[in-house]
$ cat coords06.txt   # compact mmCIF, C-alpha atoms and all ligand atoms
# COMPACT_ATOMS: atom_id res chain seq x y z
CA MET A 237 2.12 -14.37 61.44
CA LYS A 238 -0.96 -12.24 61.98
CA VAL A 239 -2.25 -13.21 58.55
CA VAL A 240 -1.78 -16.90 59.27
CA PHE A 241 -3.56 -16.49 62.57
CA ALA A 242 -6.43 -14.62 60.92
CA LEU A 243 -6.66 -17.32 58.27
CA ILE A 244 -6.76 -20.12 60.81
CA THR A 245 -9.43 -18.27 62.77
CA ALA A 246 -11.47 -17.77 59.61
CA VAL A 247 -11.22 -21.44 58.63
CA ALA A 248 -12.07 -22.49 62.18
CA ALA A 249 -15.07 -20.15 62.23
CA PHE A 250 -16.26 -21.45 58.84
CA THR A 251 -15.84 -25.01 60.04
CA ALA A 252 -17.64 -24.35 63.29
CA TYR A 253 -20.46 -22.45 61.64
CA TYR A 254 -20.98 -24.45 58.46
CA VAL A 255 -19.32 -27.80 58.69
CA TYR A 256 -19.74 -29.19 62.15
CA SER A 257 -23.28 -30.42 62.75
CA PRO A 258 -24.44 -33.16 65.06
CA VAL A 259 -24.96 -36.35 63.04
CA PRO A 260 -26.30 -39.67 64.33
CA SER A 261 -23.50 -42.19 64.83
CA THR A 262 -25.31 -44.74 62.65
CA VAL A 263 -24.96 -42.69 59.47
CA SER A 264 -22.37 -43.74 56.90
CA GLU A 265 -19.25 -41.50 56.81
CA PRO A 266 -20.52 -38.52 58.86
CA TRP A 267 -17.67 -36.13 57.93
CA LYS A 268 -18.32 -36.35 54.22
CA LEU A 269 -21.99 -35.77 54.87
CA MET A 270 -21.13 -32.66 56.91
CA LEU A 271 -18.96 -31.31 54.10
CA VAL A 272 -21.63 -31.83 51.42
CA ASP A 273 -24.22 -30.25 53.69
CA ALA A 274 -21.92 -27.30 54.48
CA THR A 275 -21.41 -26.65 50.78
CA LEU A 276 -25.14 -26.72 50.17
CA ARG A 277 -25.91 -24.43 53.11
CA CYS A 278 -23.18 -22.05 52.07
CA ALA A 279 -24.66 -21.91 48.54
CA GLN A 280 -28.14 -21.26 50.01
CA ASP A 281 -26.87 -18.44 52.23
CA LEU A 282 -24.87 -16.86 49.42
CA SER A 283 -27.87 -16.90 47.09
CA ASP A 284 -30.09 -15.37 49.79
CA LEU A 285 -27.47 -12.67 50.30
CA ALA A 286 -27.13 -11.99 46.56
CA HIS A 287 -30.94 -11.82 46.33
CA TYR A 288 -31.00 -9.32 49.20
CA PHE A 289 -28.51 -7.12 47.34
CA GLY A 290 -30.64 -7.25 44.20
CA LEU A 291 -28.22 -9.34 42.16
CA GLY A 292 -30.92 -11.73 40.99
CA HIS A 293 -33.60 -14.14 42.19
CA ARG A 294 -32.30 -16.32 45.05
CA LEU A 295 -33.45 -19.53 43.33
CA ARG A 296 -31.90 -18.67 39.99
CA ILE A 297 -28.59 -17.99 41.74
CA LEU A 298 -28.90 -21.19 43.74
CA HIS A 299 -29.63 -23.16 40.59
CA PHE A 300 -26.60 -21.62 38.93
CA MET A 301 -24.35 -22.47 41.88
CA THR A 302 -25.51 -26.08 42.09
CA THR A 303 -25.02 -26.66 38.38
CA LEU A 304 -21.46 -25.42 38.09
CA ASP A 305 -20.53 -29.03 37.33
CA LYS A 306 -22.57 -29.01 34.10
CA ASN A 307 -20.70 -30.42 31.15
CA ASP A 308 -21.12 -31.06 27.46
CA PRO A 309 -22.08 -34.60 26.56
CA VAL A 310 -19.00 -36.81 26.43
CA SER A 311 -19.23 -40.07 24.51
CA SER A 312 -16.85 -42.91 25.22
CA GLY A 313 -15.91 -46.17 23.53
CA ASN A 314 -19.09 -48.01 24.52
CA LEU A 315 -21.50 -45.14 25.22
CA LYS A 316 -22.92 -42.43 22.98
CA VAL A 317 -24.15 -39.38 24.91
CA THR A 318 -26.17 -36.67 23.16
CA ASP A 319 -28.27 -33.64 24.08
CA THR A 320 -31.46 -33.35 22.10
CA VAL A 321 -35.05 -32.10 22.34
CA PHE A 322 -38.16 -34.28 22.73
CA ASP A 323 -41.26 -32.32 21.69
CA GLY A 324 -39.81 -29.07 23.07
CA VAL A 325 -38.28 -30.58 26.21
CA GLU A 326 -34.51 -30.89 26.54
CA VAL A 327 -33.10 -34.33 27.29
CA ARG A 328 -29.71 -36.00 27.55
CA VAL A 329 -29.65 -39.48 26.02
CA PHE A 330 -27.16 -42.23 26.96
CA GLU A 331 -26.97 -45.06 24.39
CA PRO A 332 -24.79 -48.15 24.78
CA THR A 333 -23.05 -48.91 21.51
CA SER A 334 -21.87 -52.44 22.35
CA GLU A 335 -25.10 -54.26 21.40
CA PRO A 336 -25.00 -55.93 17.98
CA HIS A 337 -26.68 -53.73 15.41
CA GLY A 338 -30.43 -54.20 15.11
CA GLU A 339 -30.97 -55.82 18.49
CA LEU A 340 -33.55 -54.02 20.65
CA LYS A 341 -32.41 -52.54 23.97
CA ARG A 342 -34.08 -51.88 27.27
CA SER A 343 -34.65 -48.29 28.36
CA ILE A 344 -35.03 -46.08 31.43
CA VAL A 345 -36.55 -42.61 31.52
CA PHE A 346 -34.79 -40.82 34.38
CA VAL A 347 -35.99 -37.73 36.29
CA HIS A 348 -33.28 -36.18 38.45
CA GLY A 349 -33.88 -34.72 41.91
CA GLY A 350 -32.93 -31.45 43.61
CA GLY A 351 -36.08 -29.94 45.11
CA TRP A 352 -37.35 -28.83 41.65
CA VAL A 353 -34.64 -26.14 41.66
CA LEU A 354 -31.17 -27.67 42.12
CA ALA A 355 -28.99 -29.84 39.89
CA SER A 356 -29.43 -30.75 36.24
CA ALA A 357 -29.50 -33.66 33.83
CA ARG A 358 -26.31 -32.10 32.48
CA ALA A 359 -24.54 -32.06 35.82
CA ARG A 360 -21.62 -34.38 36.41
CA SER A 361 -23.35 -35.98 39.44
CA TYR A 362 -26.41 -37.16 37.51
CA GLY A 363 -24.35 -37.74 34.39
CA SER A 364 -22.19 -40.31 36.17
CA LEU A 365 -25.26 -42.04 37.61
CA CYS A 366 -27.02 -42.24 34.23
CA GLN A 367 -23.83 -43.38 32.53
CA LYS A 368 -23.33 -46.16 35.08
CA VAL A 369 -26.97 -47.28 34.77
CA SER A 370 -26.79 -47.22 30.99
CA GLU A 371 -23.56 -49.24 30.87
CA ASP A 372 -24.44 -51.76 33.59
CA VAL A 373 -28.03 -52.42 32.47
CA ASN A 374 -27.07 -52.02 28.81
CA ALA A 375 -30.05 -49.73 28.40
CA VAL A 376 -30.84 -46.43 26.69
CA VAL A 377 -31.23 -43.82 29.46
CA VAL A 378 -33.21 -40.67 28.73
CA SER A 379 -32.46 -38.05 31.40
CA ILE A 380 -34.99 -35.21 31.34
CA GLU A 381 -33.87 -31.60 31.68
CA TYR A 382 -37.23 -30.28 32.88
CA ARG A 383 -37.44 -26.55 33.57
CA PHE A 384 -36.84 -25.18 37.06
CA VAL A 385 -38.33 -23.00 39.75
CA PRO A 386 -38.61 -19.94 39.62
CA ASP A 387 -38.94 -19.85 35.81
CA VAL A 388 -41.82 -22.29 36.02
CA HIS A 389 -43.84 -23.85 38.83
CA PHE A 390 -46.12 -26.88 39.30
CA PRO A 391 -47.42 -28.45 37.10
CA THR A 392 -45.05 -27.27 34.37
CA GLN A 393 -42.10 -29.38 35.54
CA LEU A 394 -44.29 -32.48 35.65
CA ASN A 395 -45.75 -31.64 32.25
CA ASP A 396 -42.22 -31.39 30.84
CA VAL A 397 -41.58 -34.90 32.16
CA LEU A 398 -44.87 -36.17 30.67
CA THR A 399 -44.29 -34.47 27.32
CA ALA A 400 -40.77 -35.86 26.90
CA THR A 401 -41.80 -39.35 28.05
CA LYS A 402 -44.83 -39.48 25.75
CA TYR A 403 -42.68 -38.38 22.84
CA PHE A 404 -40.12 -41.08 23.61
CA LEU A 405 -42.88 -43.72 23.86
CA ARG A 406 -43.95 -43.13 20.25
CA PRO A 407 -43.25 -46.25 18.17
CA GLU A 408 -41.18 -44.37 15.58
CA VAL A 409 -39.00 -42.75 18.27
CA LEU A 410 -38.40 -46.05 20.07
CA GLN A 411 -37.46 -47.56 16.76
CA LYS A 412 -34.96 -44.77 16.10
CA TYR A 413 -33.23 -45.59 19.40
CA SER A 414 -33.61 -49.39 18.92
CA VAL A 415 -35.64 -49.68 22.12
CA ASP A 416 -37.89 -52.62 22.97
CA PRO A 417 -41.37 -51.08 23.65
CA ASP A 418 -42.12 -53.81 26.21
CA ARG A 419 -39.07 -53.07 28.37
CA ILE A 420 -39.18 -49.41 29.42
CA ALA A 421 -38.96 -48.12 33.00
CA ILE A 422 -39.45 -44.71 34.57
CA SER A 423 -37.25 -43.73 37.46
CA GLY A 424 -36.23 -40.75 39.55
CA ASP A 425 -34.76 -39.68 42.87
CA SER A 426 -36.14 -37.29 45.49
CA ALA A 427 -38.17 -34.54 43.75
CA GLY A 428 -37.49 -36.47 40.52
CA GLY A 429 -38.99 -39.53 42.23
CA ASN A 430 -42.06 -37.42 42.97
CA MET A 431 -42.46 -36.58 39.28
CA ALA A 432 -41.59 -40.11 38.12
CA ALA A 433 -44.31 -41.52 40.43
CA ALA A 434 -46.86 -38.90 39.33
CA ALA A 435 -46.01 -39.37 35.64
CA CYS A 436 -46.27 -43.13 36.01
CA GLN A 437 -49.81 -42.76 37.43
CA GLN A 438 -50.81 -40.35 34.65
CA LEU A 439 -49.39 -42.48 31.85
CA THR A 440 -50.85 -45.71 33.21
CA GLU A 441 -54.33 -44.19 33.34
CA ASP A 442 -54.09 -42.49 29.94
CA PRO A 443 -56.20 -44.52 27.50
CA ASN A 444 -54.33 -43.00 24.56
CA GLN A 445 -51.03 -44.35 25.78
CA THR A 446 -50.73 -47.69 24.01
CA ILE A 447 -47.09 -48.37 24.89
CA LYS A 448 -46.99 -48.88 28.66
CA LEU A 449 -44.19 -48.63 31.19
CA LYS A 450 -42.92 -51.98 32.45
CA LEU A 451 -41.47 -50.73 35.76
CA GLN A 452 -41.13 -47.76 38.07
CA ALA A 453 -38.07 -47.35 40.30
CA LEU A 454 -38.21 -44.62 42.93
CA ILE A 455 -35.18 -43.52 44.95
CA TYR A 456 -36.11 -41.83 48.26
CA PRO A 457 -39.07 -40.16 46.54
CA VAL A 458 -40.99 -37.14 47.85
CA LEU A 459 -44.58 -38.40 47.83
CA GLN A 460 -46.80 -36.17 49.93
CA ILE A 461 -47.26 -32.62 51.18
CA LEU A 462 -49.97 -33.24 53.78
CA ASP A 463 -48.07 -34.55 56.82
CA PHE A 464 -44.76 -33.04 57.89
CA ASN A 465 -44.82 -35.05 61.11
CA THR A 466 -44.44 -38.64 60.01
CA PRO A 467 -42.01 -40.50 62.31
CA SER A 468 -39.20 -39.93 59.79
CA TYR A 469 -39.97 -36.19 59.61
CA GLN A 470 -39.95 -36.05 63.42
CA GLN A 471 -36.81 -38.15 63.76
CA ASN A 472 -34.84 -36.23 61.09
CA THR A 473 -36.25 -32.71 61.52
CA ASP A 474 -32.76 -31.18 61.59
CA MET A 475 -30.99 -33.83 59.54
CA LEU A 476 -28.29 -32.68 57.12
CA ILE A 477 -28.85 -32.23 53.36
CA VAL A 478 -32.64 -31.91 53.62
CA PRO A 479 -33.98 -30.79 57.02
CA ARG A 480 -37.75 -30.42 57.34
CA LEU A 481 -37.98 -26.66 56.97
CA ARG A 482 -35.90 -26.71 53.79
CA MET A 483 -38.11 -29.45 52.31
CA ILE A 484 -41.25 -27.43 53.07
CA LYS A 485 -39.68 -24.41 51.39
CA TYR A 486 -38.81 -26.46 48.29
CA TRP A 487 -42.48 -27.49 48.19
CA LEU A 488 -43.76 -23.92 48.57
CA ASP A 489 -41.44 -22.64 45.84
CA TYR A 490 -42.54 -25.49 43.56
CA LEU A 491 -46.20 -24.59 44.13
CA ASN A 492 -45.50 -20.84 43.96
CA VAL A 493 -46.85 -20.28 47.48
CA SER A 494 -45.41 -17.75 49.93
CA LEU A 495 -42.66 -19.12 52.19
CA ALA A 496 -44.46 -17.40 55.06
CA PHE A 497 -46.68 -20.50 55.35
CA ALA A 498 -43.76 -22.82 56.08
CA TYR A 499 -44.04 -22.49 59.86
CA SER A 500 -47.74 -23.17 59.84
CA MET A 501 -47.20 -26.27 57.68
CA GLN A 502 -44.47 -27.57 59.97
CA VAL A 503 -47.13 -28.20 62.60
CA ASN A 504 -49.60 -29.59 60.04
CA ASN A 505 -51.89 -26.55 60.30
CA HIS A 506 -52.70 -26.98 56.59
CA THR A 507 -54.31 -30.35 57.29
CA SER A 508 -56.07 -29.65 60.58
CA LEU A 509 -59.37 -31.34 61.37
CA ASP A 510 -61.31 -28.15 60.58
CA SER A 511 -60.08 -28.44 57.00
CA GLY A 512 -62.72 -30.90 55.81
CA GLU A 513 -61.14 -31.70 52.44
CA THR A 514 -58.02 -33.21 53.93
CA VAL A 515 -59.83 -35.38 56.47
CA ALA A 516 -61.21 -37.62 53.72
CA LEU A 517 -57.69 -38.26 52.43
CA ARG A 518 -56.22 -39.00 55.83
CA GLU A 519 -56.51 -42.80 55.57
CA ARG A 520 -54.29 -42.78 52.48
CA LEU A 521 -51.41 -41.38 54.48
CA ASN A 522 -52.24 -42.58 57.96
CA TRP A 523 -48.84 -43.78 59.10
CA ASN A 524 -50.33 -45.36 62.19
CA THR A 525 -51.76 -48.08 59.95
CA LEU A 526 -49.36 -47.90 57.01
CA LEU A 527 -46.00 -48.13 58.78
CA PRO A 528 -44.50 -51.19 60.47
CA VAL A 529 -43.95 -50.78 64.24
CA SER A 530 -40.17 -50.72 63.72
CA PHE A 531 -40.48 -47.42 61.84
CA LYS A 532 -43.23 -45.88 63.97
CA LYS A 533 -40.99 -46.15 67.05
CA ASN A 534 -42.53 -44.01 69.80
CA TYR A 535 -43.61 -41.05 67.69
CA LYS A 536 -47.11 -39.61 68.03
CA PRO A 537 -49.22 -38.27 65.15
CA VAL A 538 -49.50 -34.48 64.98
CA VAL A 539 -53.11 -33.66 64.18
CA GLN A 540 -54.30 -30.11 64.85
CA SER A 541 -58.00 -29.71 65.58
CA ILE A 542 -57.90 -26.02 64.68
CA GLY A 543 -55.40 -24.88 62.08
CA ASN A 544 -55.26 -22.83 58.94
CA PRO A 545 -57.93 -24.33 56.63
CA SER A 546 -57.83 -21.33 54.30
CA LEU A 547 -54.51 -22.66 52.98
CA VAL A 548 -56.17 -25.56 51.22
CA GLN A 549 -58.84 -23.29 49.76
CA LYS A 550 -56.22 -20.84 48.52
CA PHE A 551 -53.92 -23.54 47.17
CA PRO A 552 -55.99 -26.41 45.80
CA ALA A 553 -52.73 -28.02 44.55
CA LEU A 554 -52.29 -29.23 48.13
CA LEU A 555 -54.91 -31.87 47.40
CA ASP A 556 -53.67 -32.80 43.93
CA THR A 557 -52.48 -36.37 43.45
CA ARG A 558 -49.94 -35.08 40.93
CA VAL A 559 -48.38 -33.25 43.89
CA SER A 560 -48.81 -36.14 46.34
CA PRO A 561 -48.86 -39.43 44.41
CA LEU A 562 -49.21 -41.22 47.76
CA ILE A 563 -52.84 -40.08 48.08
CA ALA A 564 -54.00 -41.48 44.74
CA PRO A 565 -57.06 -43.76 45.06
CA LYS A 566 -56.66 -47.52 45.03
CA GLU A 567 -58.19 -47.67 41.53
CA THR A 568 -55.19 -45.72 40.23
CA LEU A 569 -52.60 -47.69 42.19
CA GLN A 570 -54.00 -51.03 40.96
CA LEU A 571 -52.97 -50.21 37.39
CA LEU A 572 -49.34 -49.39 38.17
CA PRO A 573 -46.41 -51.53 37.00
CA LYS A 574 -43.99 -53.52 39.13
CA THR A 575 -42.21 -51.15 41.50
CA TYR A 576 -38.88 -50.62 43.26
CA ILE A 577 -38.61 -48.20 46.19
CA LEU A 578 -35.38 -47.27 47.95
CA THR A 579 -35.47 -45.57 51.36
CA CYS A 580 -32.85 -44.35 53.85
CA GLU A 581 -33.07 -44.26 57.63
CA HIS A 582 -31.57 -40.79 58.04
CA ASP A 583 -34.07 -39.08 55.78
CA ILE A 584 -37.26 -37.12 56.48
CA LEU A 585 -38.71 -38.76 53.35
CA ARG A 586 -38.21 -42.35 54.55
CA ASP A 587 -41.87 -42.79 55.51
CA ASP A 588 -43.22 -41.26 52.29
CA GLY A 589 -41.53 -44.19 50.52
CA ILE A 590 -42.51 -46.85 53.04
CA MET A 591 -46.16 -45.79 53.06
CA TYR A 592 -46.22 -46.00 49.27
CA VAL A 593 -44.73 -49.52 49.46
CA LYS A 594 -47.62 -50.52 51.73
CA ARG A 595 -50.35 -48.82 49.72
CA LEU A 596 -49.07 -50.37 46.48
CA GLN A 597 -48.89 -53.82 48.06
CA GLU A 598 -52.46 -53.42 49.33
CA ALA A 599 -53.46 -52.62 45.75
CA GLY A 600 -51.86 -55.89 44.59
CA ILE A 601 -48.67 -54.45 43.06
CA ASP A 602 -45.39 -56.37 43.20
CA VAL A 603 -43.04 -54.07 45.15
CA THR A 604 -39.37 -54.48 46.07
CA HIS A 605 -38.32 -52.30 49.00
CA ASP A 606 -34.63 -51.71 49.76
CA HIS A 607 -33.97 -49.86 53.01
CA TYR A 608 -30.52 -48.62 54.09
CA ASP A 609 -30.06 -48.24 57.86
CA ASP A 610 -26.94 -46.10 57.41
CA GLY A 611 -28.29 -44.24 54.37
CA PHE A 612 -29.01 -40.51 54.09
CA HIS A 613 -31.03 -38.47 51.62
CA GLY A 614 -29.18 -38.05 48.34
CA CYS A 615 -26.61 -40.78 48.98
CA VAL A 616 -27.05 -42.45 45.57
CA ILE A 617 -25.46 -39.53 43.75
CA PHE A 618 -22.63 -39.53 46.28
CA ALA A 619 -21.23 -42.74 44.89
CA THR A 620 -18.33 -41.33 42.88
CA TRP A 621 -15.25 -39.27 43.65
CA PRO A 622 -14.94 -36.67 45.26
CA THR A 623 -18.09 -37.30 47.25
CA TYR A 624 -17.87 -41.10 47.36
CA SER A 625 -19.86 -42.66 50.18
CA SER A 626 -19.97 -46.39 50.73
CA VAL A 627 -23.71 -46.47 51.43
CA GLY A 628 -24.24 -44.44 48.27
CA ALA A 629 -22.36 -47.01 46.20
CA ARG A 630 -24.23 -49.91 47.84
CA ALA A 631 -27.61 -48.25 47.31
CA ARG A 632 -26.82 -47.38 43.69
CA ASP A 633 -25.63 -50.91 42.96
CA GLY A 634 -28.74 -52.43 44.56
CA TYR A 635 -30.95 -50.21 42.40
CA ILE A 636 -29.02 -51.16 39.25
CA LYS A 637 -29.17 -54.85 40.17
CA TRP A 638 -32.96 -54.67 40.47
CA LEU A 639 -33.24 -52.94 37.10
CA LYS A 640 -31.01 -55.54 35.47
CA GLU A 641 -33.08 -58.40 36.86
CA ASN A 642 -36.52 -56.96 36.25
CA LEU A 643 -36.44 -54.74 33.17
C1 LIG A 701 -56.99 -39.02 23.77
O1 LIG A 701 -56.96 -38.58 22.43
C2 LIG A 701 -58.13 -37.89 22.01
C3 LIG A 701 -58.04 -37.63 20.53
O2 LIG A 701 -56.78 -37.15 20.17
C4 LIG A 701 -58.29 -36.63 22.84
O3 LIG A 701 -59.46 -35.93 22.46
C5 LIG A 701 -58.34 -36.99 24.31
O4 LIG A 701 -58.37 -35.83 25.09
C6 LIG A 701 -57.14 -37.84 24.70
N1 LIG A 701 -57.30 -38.30 26.07
C7 LIG A 701 -56.37 -38.08 27.02
C8 LIG A 701 -56.69 -38.64 28.38
O5 LIG A 701 -55.35 -37.47 26.81
C1 LIG A 702 -46.27 -16.90 41.19
O1 LIG A 702 -46.86 -16.04 42.15
C2 LIG A 702 -46.63 -14.68 41.92
C3 LIG A 702 -47.15 -13.85 43.11
O2 LIG A 702 -48.02 -14.59 43.92
C4 LIG A 702 -47.30 -14.27 40.62
O3 LIG A 702 -47.08 -12.91 40.36
C5 LIG A 702 -46.69 -15.12 39.50
O4 LIG A 702 -47.37 -14.84 38.28
C6 LIG A 702 -46.82 -16.60 39.81
N1 LIG A 702 -46.09 -17.33 38.80
C7 LIG A 702 -46.61 -18.34 38.14
C8 LIG A 702 -45.74 -18.96 37.11
O5 LIG A 702 -47.75 -18.77 38.35
C1 LIG A 703 -51.66 -23.16 63.91
O1 LIG A 703 -53.03 -22.76 63.93
C2 LIG A 703 -53.49 -22.31 65.18
C3 LIG A 703 -54.99 -22.04 65.05
O2 LIG A 703 -55.26 -21.21 63.96
C4 LIG A 703 -52.71 -21.05 65.60
O3 LIG A 703 -53.12 -20.62 66.87
C5 LIG A 703 -51.21 -21.38 65.62
O4 LIG A 703 -50.47 -20.22 65.90
C6 LIG A 703 -50.78 -21.95 64.28
N1 LIG A 703 -49.38 -22.35 64.37
C7 LIG A 703 -48.43 -21.87 63.55
C8 LIG A 703 -47.04 -22.33 63.80
O5 LIG A 703 -48.67 -21.14 62.61
$ encode --input "coords06.txt" --output "structure tokens"
Amino acid sequence: MKVVFALITAVAAFTAYYVYSPVPSTVSEPWKLMLVDATLRCAQDLSDLAHYFGLGHRLRILHFMTTLDKNDPVSSGNLKVTDTVFDGVEVRVFEPTSEPHGELKRSIVFVHGGGWVLASARARSYGSLCQKVSEDVNAVVVSIEYRFVPDVHFPTQLNDVLTATKYFLRPEVLQKYSVDPDRIAISGDSAGGNMAAAACQQLTEDPNQTIKLKLQALIYPVLQILDFNTPSYQQNTDMLIVPRLRMIKYWLDYLNVSLAFAYSMQVNNHTSLDSGETVALRERLNWNTLLPVSFKKNYKPVVQSIGNPSLVQKFPALLDTRVSPLIAPKETLQLLPKTYILTCEHDILRDDGIMYVKRLQEAGIDVTHDHYDDGFHGCVIFATWPTYSSVGARARDGYIKWLKENL
């Protein structure tokens, strides 16, 4: 009896501490969201604890725990799945086998998300997404297994993505996979959307790159590090899955900067008015002009007059467009291919995506923007059992539909 009582108390305490969190009533299936978030927070706390006891680096342990669902490639009747290496970078390739022999296929280079540290191209979550995309679009999907923090930091992850993509875009490689060189897209979600957007800018501007990307498709991408007080950051500061402080810490780990700066960056002290370099870039992420009124709501910009300008001098990556594709000049944006951007209401990164939609449109790019009012960050990979969410399935299907119609 005592044991049962102790057990119930323990479960109740776990539930109260980890699982129950206030969630807006407009979010799709709040209980599932709480459970996914509880699992993630539990993994974070356990890896911090293990780090504290000297069992390994907290990020390596976290990476390990979030990739327990890794599996070997499994081919099926109409899909061949293989792990291979593109110019030194590991990739998982999904090839539909239904097409009559010799006919050229469409293709998507996919960069998975996870704050540059979590998840994997070999994980079941991203595997099911890539498999579904490959089957439904009847396209070859190349999912890049870039290296992770803390083994490598910016720009190594992005360079892995660029190296693998450039290798794939070689005529002889495309021929090997029976891919039509005129029908290739780059895509990614979250931190993967950040690298897909940055890689797309780099490849479009590269004069040596003769085979060009036809499309880019970005799923709730991370696009800037200069303003952590956009309306969506203010509205979702403590939102599940990716609250603001956790996002800032993912950024700092990616850039190999001390986490001690997170609090200063939360109040935009890294882009205060006394930090001259960032003032010039402000118009490119000025949400007062870039966001529609319906997203600005009643939020006020957070602009410090005196902050911590030494941060930008110490970490010049803060001003790098490969870190923040949103701040690229118009001349770069003008060259980009047709674009799809998916955003979710319950997501700190909503406005990163919406501002990019606006800046691309101003540069004359054809952009499709799908916004999900009941969506949350990460929902697209929660579209299969056991973490099925209806908004995730809708968002995934909308993304696939756009690819089918435009690629
Ligand atoms: C293009 O190729 C040339 C010759 O291989 C090289 O010198 C140059 O750096 C390349 N340019 C870019 C932007 O990679
Ligand atoms: C990251 O920063 C630490 C300490 O600041 C330094 O020792 C290490 O070499 C850096 N790692 C990389 C890959 O730059
Ligand atoms: C932001 O910068 C100001 C001026 O340097 C400083 O007084 C304040 O404590 C900083 N805020 C945080 C949270 O670091």
$ residues_around --input "coords06.txt" --residues "Arg482 of chain A" --least-positions-apart "4" --cutoff "12 Å" --atoms "only C-alpha atoms" --output "PyMOL selection string"
chain A and resi 276-277+280+350-351+464+469+473-478+486-489+495+498-499+501-502+584
$ atom_distance --input "coords06.txt" --atom1 "atom C1 of ligand LIG 702 (chain A)" --atom2 "atom CA of His389 of chain A"
7.7 Å
$ residues_around --input "coords06.txt" --residues "Ile563 of chain A" --least-positions-apart "5" --cutoff "7 Å" --atoms "all atoms listed in the file" --output "PyMOL selection string"
chain A and resi 517+520-521+557
$ atom_distance --input "coords06.txt" --atom1 "atom C6 of ligand LIG 703 (chain A)" --atom2 "atom CA of Asp510 of chain A"
12.8 Å
$ residues_around --input "coords06.txt" --residues "Ser312 of chain A" --least-positions-apart "2" --cutoff "12 Å" --atoms "all atoms listed in the file" --output "PyMOL selection string"
chain A and resi 309-310+314-318+330-334+367+371
$ write_last_selection --input "coords06.txt" --atoms "C-alpha atoms" --output "PDB file, in the coordinates of the input"
ATOM      1  CA  PRO A 309     -22.080 -34.600  26.560  1.00  0.00           C
ATOM      2  CA  VAL A 310     -19.000 -36.810  26.430  1.00  0.00           C
ATOM      3  CA  ASN A 314     -19.090 -48.010  24.520  1.00  0.00           C
ATOM      4  CA  LEU A 315     -21.500 -45.140  25.220  1.00  0.00           C
ATOM      5  CA  LYS A 316     -22.920 -42.430  22.980  1.00  0.00           C
ATOM      6  CA  VAL A 317     -24.150 -39.380  24.910  1.00  0.00           C
ATOM      7  CA  THR A 318     -26.170 -36.670  23.160  1.00  0.00           C
ATOM      8  CA  PHE A 330     -27.160 -42.230  26.960  1.00  0.00           C
ATOM      9  CA  GLU A 331     -26.970 -45.060  24.390  1.00  0.00           C
ATOM     10  CA  PRO A 332     -24.790 -48.150  24.780  1.00  0.00           C
ATOM     11  CA  THR A 333     -23.050 -48.910  21.510  1.00  0.00           C
ATOM     12  CA  SER A 334     -21.870 -52.440  22.350  1.00  0.00           C
ATOM     13  CA  GLN A 367     -23.830 -43.380  32.530  1.00  0.00           C
ATOM     14  CA  GLU A 371     -23.560 -49.240  30.870  1.00  0.00           C
TER      15      GLU A 371
END
$ residues_near_point --input "coords06.txt" --point "(-29.7, -44.9, 29.0)" --cutoff "6 Å" --atoms "only C-alpha atoms" --output "tab-separated table (two decimals) with C-alpha atoms, in the coordinates of the input"
chain	number	residue	atom	x	y	z
A	330	PHE	CA	-27.16	-42.23	26.96
A	331	GLU	CA	-26.97	-45.06	24.39
A	344	ILE	CA	-35.03	-46.08	31.43
A	370	SER	CA	-26.79	-47.22	30.99
A	375	ALA	CA	-30.05	-49.73	28.40
A	376	VAL	CA	-30.84	-46.43	26.69
A	377	VAL	CA	-31.23	-43.82	29.46
A	378	VAL	CA	-33.21	-40.67	28.73
$ closest_residue --input "coords06.txt" --among "A:Pro528, A:Asp442, A:Ser508, A:Ile297" --to "Ala279 of chain A" --atoms "only C-alpha atoms"
A:Ile297
$ closest_residue --input "coords06.txt" --among "A:Gln470, A:Gln597, A:Thr620, A:Ser343" --to "His582 of chain A" --atoms "only C-alpha atoms"
A:Gln470
$ closest_residue --input "coords06.txt" --among "A:Ala286, A:Leu526, A:Leu454, A:Val538" --to "ligand LIG 703 (chain A)" --atoms "only C-alpha atoms and all ligand atoms"
A:Val538
$ closest_residue --input "coords06.txt" --among "A:Leu527, A:Leu459, A:Val548, A:Leu451" --to "Asn504 of chain A" --atoms "only C-alpha atoms"
A:Val548
$ atom_distance --input "coords06.txt" --atom1 "atom CA of Ser356 of chain A" --atom2 "atom O3 of ligand LIG 702 (chain A)"
25.4 Å
$ closest_atom_pairs --input "coords06.txt" --of "chain A" --to "ligand LIG 701 (chain A)" --cutoff "12 Å" --atoms "all atoms listed in the file" --output "CSV"
residue,atom,partner,partner_atom,distance
A:Leu398,CA,A:LIG701,O5,11.2
A:Thr399,CA,A:LIG701,O5,11.5
A:Lys402,CA,A:LIG701,O5,10.8
A:Gln438,CA,A:LIG701,C8,8.8
A:Leu439,CA,A:LIG701,C8,8.9
A:Thr440,CA,A:LIG701,C8,10.4
A:Glu441,CA,A:LIG701,C8,7.8
A:Asp442,CA,A:LIG701,C8,4.9
A:Pro443,CA,A:LIG701,C8,6.0
A:Asn444,CA,A:LIG701,C1,4.9
A:Gln445,CA,A:LIG701,O5,8.2
A:Thr446,CA,A:LIG701,C1,10.7
$ residues_near_ligand --input "coords06.txt" --ligand "ligand LIG 702 (chain A)" --cutoff "9 Å" --atoms "only C-alpha atoms and all ligand atoms" --output "count of residues only"
12
$ residues_around --input "coords06.txt" --residues "Ile447 of chain A" --least-positions-apart "2" --cutoff "7 Å" --atoms "all atoms listed in the file" --output "ChimeraX atom specification"
/A:405,417,445,449
$ residues_around --input "coords06.txt" --residues "Asp602 of chain A" --least-positions-apart "2" --cutoff "7 Å" --atoms "only C-alpha atoms" --output "list in words"
Lys574, Thr575, Gln597, Gly600 and Thr604 of chain A
